[in-house]
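J.: Pasting a structure below so you can have a look.
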Amino acid sequence: MFFGLRVSASLAKIGISPQVVNVDYRIAMKRAAKNAGNSPQDVAVFIAAQLPLMHRAALQSAPIKAWIRDRKIDPKSEEMRDALGTLALCYLLQ
């Protein structure tokens with residue numbers, strides 16, 4: 001239960017309203033990520049990378065940069081590198 005709330009809070013923190021994400025998709029992503037050992041912040045970035053461009057336009061990169069610094073997301077994982085590339089945030093990997 002708390003994992004799902006933390007994912008929604010992480011989405012909101014990067015400027016993505018959790019309501020724009022299909023509920024079934026969001027639940028499936030949360031379950032898969034939790035089982036894989038991903039953090040709520042990982043899930044937020046993965047979900048944001050799958051959204052249409054119009055929803056990604058308001059994305060805030062500062063929280064993602066802080067999550068990388070605080071090791072809440074792993075920028076070295078291939079999935080995260082792909083997601084950050086889709087979000088045009090590759091510069092955060094340096």
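Residues in the structure tokens are numbered from 1 in each chain, the chains being A, B, ... in the order shown, and ligands are numbered from 1 in the order shown.
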Please identify which residues in chain A DSSP calls alpha helix (DSSP H) from the backbone, and express them as number ranges by chain.
T.: A: 2-13, 23-36, 40-50, 53-56, 61-69, 78-86
J.: Using only C-alpha atoms, find the one residue out of A:Gln50, A:Ser17, A:Ser39, A:Ser8 that sits nearest to Lys72 in chain A.
T.: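 Checking each of A:Gln50, A:Ser17, A:Ser39, A:Ser8 against Lys72 in chain A, counting only C-alpha atoms, the winner is A:Ser39.
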J.: Hey, what's within 12 Å of Arg71 in chain A if we count only C-alpha atoms and toss same-chain stuff fewer than 4 positions away? As a PyMOL selection string, please?
T.: chain A and resi 38-39+41-42+63-67+75-76
J.: Counting only C-alpha atoms, figure out which residue out of A:Leu92, A:Asp24, A:Arg6, A:Ile16 gets nearest to Met54 in chain A.
T.: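 Looking only at the distances to Met54 in chain A, the closest residue turns out to be A:Ile16.
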J.: Find the distance between CA of Ala58 in chain A and CA of Cys90 in chain A and write it in Å to one decimal.
T.: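 Separation between CA of Ala58 in chain A and CA of Cys90 in chain A: 16.9 Å.
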J.: Which is closer to Arg56 in chain A than all the others in A:Ile27, A:Ala44, A:Asp70, A:Ala33, using only C-alpha atoms?
T.: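 Comparing A:Ile27, A:Ala44, A:Asp70, A:Ala33 against Arg56 in chain A, the winner is A:Ala44.
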J.: Out of A:Phe2, A:Leu93, A:Ala9, A:Met80, which residue has the shortest atom-to-atom distance to Lys34 in chain A when counting only C-alpha atoms?
T.: A:Phe2
J.: A:Asn22, A:Lys13, A:Ser61, A:Phe46: which is nearest Glu78 in chain A, counting only C-alpha atoms?
T.: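 Checking each of A:Asn22, A:Lys13, A:Ser61, A:Phe46 against Glu78 in chain A, counting only C-alpha atoms, the winner is A:Phe46.
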J.: Counting only C-alpha atoms, which of A:Ala32, A:Thr86, A:Gln94, A:Ile14 gets nearest to Leu59 in chain A?
T.: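 Counting only C-alpha atoms, the residue closest to Leu59 in chain A is A:Ile14.
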J.: Report, in Å to a single decimal, how far apart CA of Ala36 in chain A and CA of Pro52 in chain A are.
T.: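 It comes out at 25.0 Å.
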J.: So what do you get for CA of Ile68 in chain A versus CA of Gln19 in chain A, distance-wise?
T.: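 Taking CA of Ile68 in chain A and CA of Gln19 in chain A, their separation equals 25.1 Å.
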J.: Applying 8 Å and only C-alpha atoms, which residues near Pro40 in chain A remain after dropping the ones on its own chain fewer than 6 positions away? List them as a list in words.
T.: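 The residues satisfying every condition are Phe3, Gly4, Arg6, Val7, Ser10 and Lys30 of chain A.
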